[in-house]
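Shown next: input32.txt, containing compact mmCIF, C-alpha atoms.
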```txt
# COMPACT_ATOMS: atom_id res chain seq x y z
CA MET A 1 111.30 19.90 -66.58
CA ALA A 2 110.79 22.82 -68.92
CA LEU A 3 111.37 21.85 -72.56
CA SER A 4 113.18 24.41 -74.68
CA PRO A 5 115.34 24.85 -77.76
CA CYS A 6 119.02 24.61 -76.89
CA GLY A 7 120.24 28.05 -77.95
CA THR A 8 124.00 27.53 -77.68
CA VAL A 9 125.69 30.56 -76.14
CA THR A 10 129.36 30.32 -75.26
CA ASP A 11 131.83 32.19 -73.14
CA ILE A 12 135.18 33.45 -74.38
CA LYS A 13 136.58 29.91 -74.18
CA GLY A 14 133.95 28.55 -76.51
CA ARG A 15 132.43 26.85 -73.46
CA GLU A 16 128.67 26.83 -73.35
CA LEU A 17 127.15 29.21 -70.81
CA MET A 18 123.69 27.70 -70.63
CA GLU A 19 122.84 26.10 -67.28
CA HIS A 20 121.33 22.69 -67.93
CA GLY A 21 118.65 21.74 -65.43
CA THR A 22 118.82 22.87 -61.82
CA LEU A 23 121.20 22.51 -58.89
CA LEU A 24 118.97 19.79 -57.44
CA PHE A 25 118.29 18.03 -60.76
CA PRO A 26 121.21 18.80 -63.12
CA ILE A 27 119.83 17.77 -66.50
CA GLY A 28 118.25 19.81 -69.29
CA PHE A 29 115.83 18.51 -71.94
CA TYR A 30 115.72 20.02 -75.43
CA HIS A 31 113.93 19.64 -78.74
CA ASP A 32 115.73 21.44 -81.55
CA ASP A 33 115.27 21.96 -85.27
CA LEU A 34 118.66 22.48 -86.86
CA GLN A 35 117.02 24.26 -89.77
CA GLU A 36 115.94 26.92 -87.31
CA ARG A 37 119.14 27.08 -85.28
CA GLU A 38 122.36 25.19 -85.93
CA VAL A 39 124.57 24.03 -83.07
CA PRO A 40 127.98 25.66 -83.70
CA TRP A 41 131.27 24.28 -82.48
CA HIS A 42 131.31 24.46 -78.67
CA TRP A 43 132.06 22.42 -75.56
CA HIS A 44 130.72 22.07 -72.04
CA GLU A 45 131.48 20.16 -68.86
CA GLU A 46 128.17 18.28 -69.01
CA LEU A 47 127.71 14.99 -70.84
CA GLU A 48 125.28 15.06 -73.76
CA ALA A 49 123.06 12.45 -75.41
CA ALA A 50 120.64 12.85 -78.32
CA VAL A 51 118.45 11.00 -80.81
CA ILE A 52 117.52 12.31 -84.28
CA THR A 53 113.72 12.30 -84.57
CA GLU A 54 113.31 13.81 -88.06
CA GLY A 55 115.51 14.54 -91.06
CA GLN A 56 119.28 14.27 -91.28
CA ALA A 57 122.05 16.01 -89.37
CA LEU A 58 125.78 16.35 -89.79
CA VAL A 59 127.12 15.75 -86.29
CA ALA A 60 130.78 16.41 -85.44
CA ILE A 61 132.43 15.17 -82.25
CA GLY A 62 136.11 16.00 -82.06
CA THR A 63 137.63 15.04 -85.41
CA LYS A 64 134.87 12.58 -86.29
CA ARG A 65 131.82 13.65 -88.27
CA TYR A 66 128.95 11.64 -89.67
CA VAL A 67 125.56 12.30 -91.19
CA LEU A 68 122.92 10.80 -88.91
CA LYS A 69 119.34 10.13 -89.96
CA GLN A 70 116.08 9.64 -88.12
CA GLY A 71 116.40 6.90 -85.50
CA GLU A 72 120.14 7.41 -84.96
CA GLY A 73 121.87 9.33 -82.22
CA PHE A 74 125.05 10.33 -80.41
CA PHE A 75 126.80 10.78 -77.06
CA VAL A 76 129.36 13.49 -76.26
CA ASN A 77 131.80 13.20 -73.37
CA THR A 78 132.74 16.05 -71.07
CA GLY A 79 134.86 18.90 -72.45
CA VAL A 80 134.78 17.69 -76.06
CA LEU A 81 134.36 20.06 -79.02
CA HIS A 82 131.21 19.23 -81.00
CA GLY A 83 128.56 20.73 -83.28
CA ALA A 84 125.55 19.81 -85.41
CA TRP A 85 124.10 21.12 -88.68
CA ALA A 86 121.03 20.24 -90.75
CA GLN A 87 121.52 18.36 -94.02
CA GLY A 88 119.23 19.39 -96.86
CA ASP A 89 116.26 21.76 -96.71
CA ALA A 90 113.84 19.59 -94.71
CA PRO A 91 113.31 20.03 -90.95
CA CYS A 92 115.97 18.33 -88.85
CA ARG A 93 114.82 17.72 -85.29
CA PHE A 94 116.35 15.87 -82.38
CA HIS A 95 115.73 15.17 -78.71
CA SER A 96 118.75 15.94 -76.56
CA MET A 97 119.82 16.09 -72.95
CA ALA A 98 122.82 17.69 -71.28
CA PHE A 99 123.53 16.45 -67.77
CA GLN A 100 126.14 16.51 -65.06
CA ALA A 101 127.73 13.26 -63.92
CA ARG A 102 126.54 13.81 -60.37
CA LEU A 103 122.97 13.18 -61.55
CA ILE A 104 123.97 9.52 -61.65
CA ALA A 105 126.96 9.28 -59.32
CA GLY A 106 125.96 11.58 -56.50
CA GLY A 107 129.19 12.53 -54.72
CA MET A 108 132.72 11.80 -55.88
CA ASP A 109 133.18 9.46 -52.93
CA SER A 110 130.49 7.07 -54.22
CA ILE A 111 131.21 3.74 -55.90
CA PHE A 112 129.14 4.93 -58.86
CA TRP A 113 131.59 7.77 -59.45
CA GLN A 114 134.79 5.88 -58.77
CA LYS A 115 133.91 2.63 -60.58
CA TYR A 116 131.82 3.85 -63.53
CA LEU A 117 131.74 7.62 -64.11
CA GLN A 118 135.38 8.55 -63.51
CA PRO A 119 136.71 5.96 -66.00
CA LEU A 120 134.34 7.37 -68.65
CA LEU A 121 135.09 11.03 -67.95
CA SER A 122 138.86 10.53 -67.94
CA ASP A 123 138.97 8.28 -71.03
CA HIS A 124 140.55 10.44 -73.75
CA SER A 125 139.73 7.77 -76.33
CA LEU A 126 136.01 8.16 -75.67
CA LYS A 127 135.29 11.62 -77.02
CA GLY A 128 131.85 10.50 -78.15
CA VAL A 129 129.82 7.72 -79.73
CA PHE A 130 127.61 7.68 -82.81
CA PHE A 131 124.61 5.37 -82.33
CA TYR A 132 123.12 3.28 -85.15
CA GLN A 133 120.20 0.84 -85.32
CA GLU A 134 122.41 -1.97 -86.66
CA GLU A 135 124.27 -2.36 -83.36
CA ALA A 136 122.11 -3.96 -80.65
CA TRP A 137 123.77 -2.20 -77.73
CA GLN A 138 123.60 1.17 -79.50
CA GLN A 139 119.91 0.63 -80.26
CA GLU A 140 119.40 -0.10 -76.57
CA ALA A 141 121.36 3.05 -75.68
CA MET A 142 119.04 5.16 -77.83
CA SER A 143 115.99 3.59 -76.22
CA TRP A 144 117.28 4.68 -72.81
CA ILE A 145 117.96 8.20 -74.13
CA GLU A 146 114.42 8.48 -75.44
CA GLU A 147 113.02 6.97 -72.23
CA ALA A 148 114.83 9.57 -70.11
CA TRP A 149 113.76 12.39 -72.44
CA GLN A 150 110.09 11.42 -72.43
CA ARG A 151 110.04 10.98 -68.63
CA GLY A 152 111.80 14.28 -68.08
CA VAL A 153 109.61 16.30 -70.43
CA TYR A 154 106.24 15.02 -69.23
CA GLU A 155 107.08 14.96 -65.50
CA GLY A 156 104.93 12.09 -64.27
CA PRO A 157 104.99 11.03 -60.61
CA GLY A 158 108.53 10.19 -59.58
CA PHE A 159 109.95 11.18 -62.98
CA GLU A 160 113.26 12.15 -61.38
CA PHE A 161 113.88 8.53 -60.35
CA GLN A 162 112.88 7.31 -63.81
CA VAL A 163 115.19 9.78 -65.57
CA ARG A 164 118.12 8.88 -63.32
CA HIS A 165 117.46 5.17 -63.88
CA ALA A 166 117.42 5.55 -67.67
CA MET A 167 120.60 7.65 -67.68
CA SER A 168 122.28 5.15 -65.36
CA GLU A 169 121.47 2.36 -67.83
CA LEU A 170 122.92 4.47 -70.64
CA THR A 171 126.07 5.09 -68.60
CA LEU A 172 126.45 1.38 -67.86
CA LEU A 173 126.19 0.57 -71.59
CA LEU A 174 128.84 3.17 -72.43
CA TYR A 175 131.08 1.90 -69.64
CA GLY A 176 130.74 -1.69 -70.84
CA HIS A 177 131.45 -0.86 -74.49
CA ARG A 178 133.98 1.95 -74.11
CA ALA A 179 136.81 -0.22 -75.49
CA LEU A 180 134.82 -0.67 -78.71
CA ALA A 181 133.59 2.91 -78.93
CA GLY A 182 136.87 4.78 -79.15
CA ASN A 183 140.52 4.57 -80.09
CA ARG A 184 143.31 5.82 -77.87
CA PRO A 185 144.20 9.30 -79.18
CA SER A 186 147.76 10.46 -79.57
CA GLU A 187 149.26 13.09 -77.31
CA LYS A 188 149.29 15.33 -80.37
CA SER A 189 145.52 15.10 -80.89
CA ILE A 190 144.93 15.81 -77.20
CA ARG A 191 147.21 18.84 -77.44
CA ASP A 192 145.45 20.00 -80.61
CA GLY A 193 142.12 19.85 -78.82
CA GLU A 194 143.37 22.09 -76.02
CA ARG A 195 144.86 24.53 -78.52
CA MET A 196 141.55 24.69 -80.36
CA LYS A 197 139.77 25.64 -77.15
CA GLN A 198 142.24 28.47 -76.64
CA MET A 199 141.83 29.73 -80.20
CA LEU A 200 138.03 29.48 -80.05
CA GLN A 201 138.28 31.46 -76.83
CA TYR A 202 139.99 34.26 -78.67
CA MET A 203 137.56 34.21 -81.61
CA GLN A 204 134.49 34.15 -79.39
CA ASP A 205 135.85 37.13 -77.50
CA HIS A 206 136.86 39.18 -80.54
CA TYR A 207 134.54 38.14 -83.40
CA MET A 208 133.14 41.68 -83.60
CA GLU A 209 136.63 43.05 -84.30
CA GLU A 210 139.05 42.64 -87.19
CA ILE A 211 140.93 39.37 -86.59
CA SER A 212 143.89 37.93 -88.48
CA THR A 213 145.03 34.33 -88.57
CA SER A 214 148.29 35.38 -86.90
CA GLN A 215 146.31 36.81 -83.98
CA VAL A 216 144.33 33.58 -83.65
CA ALA A 217 147.56 31.56 -83.71
CA GLY A 218 149.13 33.89 -81.16
CA SER A 219 146.31 33.29 -78.72
CA ALA A 220 147.48 29.66 -78.45
CA LEU A 221 151.19 30.56 -78.68
CA ILE A 222 151.68 28.64 -81.92
CA SER A 223 152.72 29.51 -85.48
CA VAL A 224 150.29 30.38 -88.26
CA SER A 225 151.06 27.12 -90.06
CA GLU A 226 150.38 25.13 -86.89
CA CYS A 227 147.16 27.06 -86.35
CA LEU A 228 145.98 26.23 -89.88
CA ARG A 229 146.83 22.57 -89.35
CA CYS A 230 144.88 22.42 -86.06
CA PHE A 231 141.79 23.99 -87.61
CA ARG A 232 142.00 21.72 -90.63
CA SER A 233 142.40 18.54 -88.60
CA MET A 234 139.94 19.39 -85.83
CA ILE A 235 137.03 21.14 -87.56
CA ASN A 236 137.90 20.89 -91.26
CA ALA A 237 137.86 24.64 -91.84
CA THR A 238 140.27 27.56 -91.89
CA PRO A 239 140.18 30.12 -89.06
CA ILE A 240 138.81 32.74 -91.46
CA ALA A 241 136.06 30.42 -92.71
CA TYR A 242 135.09 29.55 -89.15
CA LEU A 243 135.09 33.23 -88.17
CA LYS A 244 132.77 34.05 -91.07
CA GLN A 245 130.37 31.29 -90.02
CA LEU A 246 130.49 32.49 -86.41
CA ARG A 247 129.73 36.08 -87.41
CA VAL A 248 126.85 35.06 -89.69
CA GLN A 249 125.34 32.89 -86.96
CA LYS A 250 125.56 35.75 -84.45
CA ALA A 251 123.96 38.05 -87.04
CA ALA A 252 121.15 35.56 -87.69
CA GLU A 253 120.35 35.47 -83.98
CA LEU A 254 120.22 39.27 -83.79
CA LEU A 255 118.04 39.51 -86.90
CA THR A 256 115.34 37.45 -85.19
CA SER A 257 115.75 38.74 -81.62
CA THR A 258 116.11 42.51 -82.18
CA ASP A 259 114.68 45.26 -84.37
CA TRP A 260 118.11 46.71 -85.11
CA LYS A 261 118.80 47.75 -88.67
CA VAL A 262 120.51 45.18 -90.88
CA ALA A 263 123.59 47.35 -91.39
CA GLU A 264 123.92 47.89 -87.64
CA ILE A 265 123.75 44.14 -87.01
CA GLY A 266 126.41 43.50 -89.63
CA TYR A 267 128.72 46.04 -88.05
CA LYS A 268 128.15 44.66 -84.53
CA CYS A 269 129.06 41.20 -85.80
CA GLY A 270 132.37 42.25 -87.31
CA PHE A 271 131.42 43.00 -90.92
CA GLN A 272 132.91 46.33 -91.88
CA GLU A 273 131.26 46.47 -95.30
CA MET A 274 127.54 45.90 -95.93
CA SER A 275 128.17 44.28 -99.32
CA TYR A 276 130.50 41.69 -97.78
CA PHE A 277 128.00 41.06 -94.98
CA ALA A 278 125.20 40.40 -97.48
CA LYS A 279 127.45 38.20 -99.63
CA SER A 280 128.69 36.15 -96.68
CA PHE A 281 125.19 35.79 -95.24
CA ARG A 282 123.77 34.57 -98.55
CA GLU A 283 126.68 32.16 -98.98
CA ILE A 284 125.97 30.49 -95.62
CA LYS A 285 122.21 30.97 -95.13
CA GLY A 286 121.08 30.97 -98.78
CA CYS A 287 119.38 34.38 -98.62
CA THR A 288 120.10 38.00 -97.73
CA PRO A 289 119.87 39.21 -94.12
CA SER A 290 116.63 41.08 -94.89
CA GLU A 291 115.06 38.02 -96.51
CA TYR A 292 116.13 35.88 -93.55
CA ARG A 293 114.49 38.26 -91.06
CA LYS A 294 111.30 38.41 -93.13
CA ARG A 295 111.03 34.62 -93.40
CA LYS A 296 111.59 34.10 -89.68
CA LEU A 297 109.01 36.73 -88.76
CA GLU A 298 106.44 35.21 -91.13
CA LYS A 299 107.12 31.73 -89.78
CA GLY A 300 106.77 33.02 -86.23
CA ARG A 301 103.38 34.56 -87.04
CA GLU A 302 102.22 31.30 -88.66
CA LYS A 303 103.18 29.34 -85.55
CA GLY A 304 101.31 31.84 -83.40
CA GLN A 305 98.20 31.50 -85.56
CA ASP A 306 98.40 27.69 -85.44
CA ALA A 307 98.69 27.79 -81.66
CA GLY A 308 95.67 30.08 -81.47
CA GLU A 309 93.62 27.77 -83.68
CA GLU A 310 94.50 24.80 -81.48
CA GLN A 311 93.33 26.68 -78.42
CA ASP A 312 90.06 27.54 -80.15
CA LEU A 313 89.48 23.87 -80.91
```

Please render this file's structure as structure tokens.
Amino acid sequence: MALSPCGTVTDIKGRELMEHGTLLFPIGFYHDDLQEREVPWHWHEELEAAVITEGQALVAIGTKRYVLKQGEGFFVNTGVLHGAWAQGDAPCRFHSMAFQARLIAGGMDSIFWQKYLQPLLSDHSLKGVFFYQEEAWQQEAMSWIEEAWQRGVYEGPGFEFQVRHAMSELTLLLYGHRALAGNRPSEKSIRDGERMKQMLQYMQDHYMEEISTSQVAGSALISVSECLRCFRSMINATPIAYLKQLRVQKAAELLTSTDWKVAEIGYKCGFQEMSYFAKSFREIKGCTPSEYRKRKLEKGREKGQDAGEEQDL
């Protein structure tokens, strides 16, 4: 399978638009550096599994968030809000896969679906799992994740069977330990999660416009105070703080993918004043928009030169 960075692009519901894998083999394989591109809050129907291969990452799954280091990993269930951000200035890389349940179960009339996959997918207590080396079954889970990733990336003979086998073993481990992995959430937390999806929908659709907290709250038919509580409990940020992060991330992507002027990018991303755009960008990225573009271009040229030197050798 083609290996690529997982550039998270979402629809107006905050749901990821990227198609993972193919219709015949529904799994995508990715190798990301969170210093280069963070993974903002989003959700998708696919299951996701990953192992940190270098550095440290703050990984959030639902209301739980932990800093994971090299050799640790995570699993995200279907439809669950999650995100990941680098910790510190060093590279932060991880191997990840996003896959549909039918990769393992086949059709919904199979025993694999009815006995193993459906209980996992419908278990509201199992939003995700953080994997650590200290737990034997979690260490085994990470070994199956890495096995599937390596097989899928290098495409040896029959790799599809090998990937499906490894992911089936991972699923069986999760199924067997699901009672230990999660706690039954309250109806309130389930409701908060659905409200967050509605509010992220609105913000994804209107981030380039002026947005007030009351408008965000109205999109989920709740009060401003309830909106603030949901954001605080679910993603530990205010709607305005999240909106600023979203706009800066969108601007960072445009700075490296287009030759538009900095002021034009700021305006397209919802910043009405250039000074506020520069201040917000520096606050989140640690440099001005112009400096960010310059660094990324220089780094891109260095990578191109390195690749050319390797070919010469």

For region 143-159 of chain A, take all atoms listed in the file, fit an axis-aligned box around them, add 3 Å to each of the six sides, then output centre and edge lengths in Å rounded to one decimal, as JSON.
```
{"center_x": 111.4, "center_y": 9.9, "center_z": -67.9, "size_x": 19.0, "size_y": 18.7, "size_z": 22.6}
```

Excluding Phe277 (chain A) and its own-chain neighbours fewer than 3 positions away, which residues fall within 10 Å of it when counting only C-alpha atoms? Please give them as a PDB file with C-alpha atoms, keeping the file's coordinate frame.
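Saved to result10.pdb:
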```pdb
ATOM      1  CA  LYS A 244     132.770  34.050 -91.070  1.00  0.00           C
ATOM      2  CA  ARG A 247     129.730  36.080 -87.410  1.00  0.00           C
ATOM      3  CA  VAL A 248     126.850  35.060 -89.690  1.00  0.00           C
ATOM      4  CA  ALA A 251     123.960  38.050 -87.040  1.00  0.00           C
ATOM      5  CA  VAL A 262     120.510  45.180 -90.880  1.00  0.00           C
ATOM      6  CA  ALA A 263     123.590  47.350 -91.390  1.00  0.00           C
ATOM      7  CA  ILE A 265     123.750  44.140 -87.010  1.00  0.00           C
ATOM      8  CA  GLY A 266     126.410  43.500 -89.630  1.00  0.00           C
ATOM      9  CA  TYR A 267     128.720  46.040 -88.050  1.00  0.00           C
ATOM     10  CA  CYS A 269     129.060  41.200 -85.800  1.00  0.00           C
ATOM     11  CA  GLY A 270     132.370  42.250 -87.310  1.00  0.00           C
ATOM     12  CA  PHE A 271     131.420  43.000 -90.920  1.00  0.00           C
ATOM     13  CA  GLN A 272     132.910  46.330 -91.880  1.00  0.00           C
ATOM     14  CA  GLU A 273     131.260  46.470 -95.300  1.00  0.00           C
ATOM     15  CA  MET A 274     127.540  45.900 -95.930  1.00  0.00           C
ATOM     16  CA  SER A 280     128.690  36.150 -96.680  1.00  0.00           C
ATOM     17  CA  PHE A 281     125.190  35.790 -95.240  1.00  0.00           C
ATOM     18  CA  ARG A 282     123.770  34.570 -98.550  1.00  0.00           C
ATOM     19  CA  GLU A 283     126.680  32.160 -98.980  1.00  0.00           C
ATOM     20  CA  THR A 288     120.100  38.000 -97.730  1.00  0.00           C
ATOM     21  CA  PRO A 289     119.870  39.210 -94.120  1.00  0.00           C
TER      22      PRO A 289
END
```

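With all atoms listed in the file as the atoms that count, the minimum distance from Ser257 (chain A) to the choices A:Leu297, A:Ile52, A:Ala90, A:Leu172 is reached by A:Leu297.
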
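The residue that comes closest to Thr78 (chain A), out of A:Ser122, A:Phe94, A:Ile111, A:Tyr276 and on the basis of only C-alpha atoms, is A:Ser122.
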
### Task
Tell me, in Å to one decimal, how far CA of Pro91 (chain A) is from CA of Trp149 (chain A).
20.0 Å

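Residues in contact range of region 55-61 of chain A, defined as at most 7 Å between only C-alpha atoms, with sequence neighbours fewer than 3 positions away removed, read A:Lys64, A:Arg65, A:Tyr66, A:Val67, A:Leu68, A:Lys69, A:Gln70, A:Val76, A:Leu81, A:His82, A:Gly83, A:Ala84, A:Trp85, A:Ala86, A:Gln87, A:Ala90, A:Pro91, A:Cys92, A:Arg93, A:Lys127, A:Gly128.
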
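Of the residues listed (A:Thr63, A:Ser290, A:Thr22, A:Gln201), A:Thr63 shows the shortest atom-to-atom separation from Asn236 (chain A); distances use only C-alpha atoms.
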
### Task
Could you please determine the separation between CA of Tyr292 (chain A) and CA of Tyr207 (chain A) in Å, to one decimal place?
21.1 Å

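Among the candidate residues A:Trp41, A:Gln204, A:Lys268, A:Arg232, the one lying nearest to Leu254 (chain A) is A:Lys268, with distances computed using only C-alpha atoms.
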
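Using only C-alpha atoms, the nearest neighbour of Gln198 (chain A) within the list A:Arg178, A:His42, A:Lys261, A:Arg301 is A:His42.
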
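We find CA of Gly62 (chain A) and CA of Val39 (chain A) to be spaced 14.1 Å apart.
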
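Considering only C-alpha atoms, the residue among A:Asn77, A:Gln133, A:Ser110, A:Gln35 positioned nearest to Glu54 (chain A) is A:Gln35.
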
### Message
I'd like the neighbourhood of Leu24 (chain A) as an NGL selection string, where a residue qualifies if any of its atoms comes within 12 Å (using only C-alpha atoms), though same-chain residues fewer than 5 positions away should be ignored.
### Response
:A and (1 or 99-100 or 102-103 or 106 or 160)

### Task
Fewer than 6 positions away in the same chain doesn't count, so skip those; otherwise give me all residues within 12 Å of Arg229 (chain A), counting only C-alpha atoms, as a ChimeraX atom specification.
/A:188-189,192-193,195-196,213,217,222-223,235-239

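Taking only C-alpha atoms, the non-local environment of Glu146 (chain A) within 9 Å (same-chain residues fewer than 2 positions away omitted) comprises Ala50, Val51, His95, Ser96, Ala141, Met142, Ser143, Trp144, Ala148, Trp149, Gln150, Arg151 and Ala166 of chain A.
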
### Message
Residues within 10 Å of (115.2, 10.2, -60.5), file coordinates, counting only C-alpha atoms: what are they? Give the list as a VMD selection string.
### Response
chain A and resid 25 103 to 104 148 151 to 152 158 to 168

Taking the structure I provided as the source, export region 102-127 of chain A with N, CA and C atoms, as a short mmCIF file (atom, residue, chain, number, x, y, z; two decimals), in the first residue's frame.
```cif
data_model
loop_
_atom_site.label_atom_id
_atom_site.label_comp_id
_atom_site.auth_asym_id
_atom_site.auth_seq_id
_atom_site.Cartn_x
_atom_site.Cartn_y
_atom_site.Cartn_z
N ARG A 102 -14.86 -4.07 8.30
CA ARG A 102 -15.08 -5.17 7.35
C ARG A 102 -13.77 -5.78 6.84
N LEU A 103 -12.64 -5.09 7.06
CA LEU A 103 -11.35 -5.70 6.73
C LEU A 103 -11.21 -7.03 7.46
N ILE A 104 -11.69 -7.06 8.69
CA ILE A 104 -11.56 -8.26 9.53
C ILE A 104 -12.82 -9.11 9.47
N ALA A 105 -13.98 -8.46 9.53
CA ALA A 105 -15.23 -9.19 9.69
C ALA A 105 -15.85 -9.66 8.39
N GLY A 106 -15.49 -9.02 7.28
CA GLY A 106 -16.20 -9.33 6.05
C GLY A 106 -17.57 -8.71 6.10
N GLY A 107 -18.62 -9.48 5.89
CA GLY A 107 -19.98 -8.97 5.94
C GLY A 107 -20.55 -8.94 7.35
N MET A 108 -21.64 -8.21 7.51
CA MET A 108 -22.27 -8.08 8.82
C MET A 108 -22.98 -9.35 9.25
N ASP A 109 -23.13 -10.30 8.33
CA ASP A 109 -23.78 -11.57 8.67
C ASP A 109 -22.77 -12.64 9.09
N SER A 110 -21.49 -12.23 9.23
CA SER A 110 -20.47 -13.20 9.62
C SER A 110 -20.38 -13.31 11.14
N ILE A 111 -19.88 -14.44 11.63
CA ILE A 111 -19.69 -14.61 13.06
C ILE A 111 -18.63 -13.66 13.58
N PHE A 112 -17.67 -13.29 12.73
CA PHE A 112 -16.62 -12.36 13.15
C PHE A 112 -17.22 -11.00 13.50
N TRP A 113 -18.18 -10.56 12.70
CA TRP A 113 -18.84 -9.30 12.97
C TRP A 113 -19.73 -9.39 14.20
N GLN A 114 -20.59 -10.38 14.22
CA GLN A 114 -21.60 -10.47 15.28
C GLN A 114 -21.02 -10.81 16.64
N LYS A 115 -19.97 -11.65 16.68
CA LYS A 115 -19.42 -12.09 17.96
C LYS A 115 -18.32 -11.16 18.48
N TYR A 116 -17.52 -10.57 17.58
CA TYR A 116 -16.34 -9.82 18.02
C TYR A 116 -16.38 -8.34 17.68
N LEU A 117 -16.66 -7.99 16.42
CA LEU A 117 -16.58 -6.58 16.01
C LEU A 117 -17.74 -5.75 16.55
N GLN A 118 -18.97 -6.25 16.40
CA GLN A 118 -20.12 -5.45 16.84
C GLN A 118 -20.06 -5.10 18.33
N PRO A 119 -19.68 -6.05 19.22
CA PRO A 119 -19.56 -5.67 20.64
C PRO A 119 -18.53 -4.57 20.88
N LEU A 120 -17.45 -4.55 20.09
CA LEU A 120 -16.44 -3.50 20.24
C LEU A 120 -16.96 -2.16 19.73
N LEU A 121 -17.56 -2.18 18.55
CA LEU A 121 -18.01 -0.94 17.93
C LEU A 121 -19.14 -0.27 18.71
N SER A 122 -19.97 -1.07 19.36
CA SER A 122 -21.13 -0.53 20.07
C SER A 122 -20.87 -0.29 21.55
N ASP A 123 -19.64 -0.54 22.01
CA ASP A 123 -19.30 -0.39 23.42
C ASP A 123 -18.92 1.07 23.70
N HIS A 124 -19.86 1.84 24.28
CA HIS A 124 -19.60 3.25 24.54
C HIS A 124 -18.51 3.46 25.59
N SER A 125 -18.22 2.42 26.38
CA SER A 125 -17.16 2.56 27.38
C SER A 125 -15.78 2.45 26.77
N LEU A 126 -15.71 1.87 25.57
CA LEU A 126 -14.42 1.67 24.92
C LEU A 126 -14.21 2.72 23.83
N LYS A 127 -13.96 3.94 24.24
CA LYS A 127 -13.67 5.00 23.27
C LYS A 127 -12.29 4.80 22.66
#
```
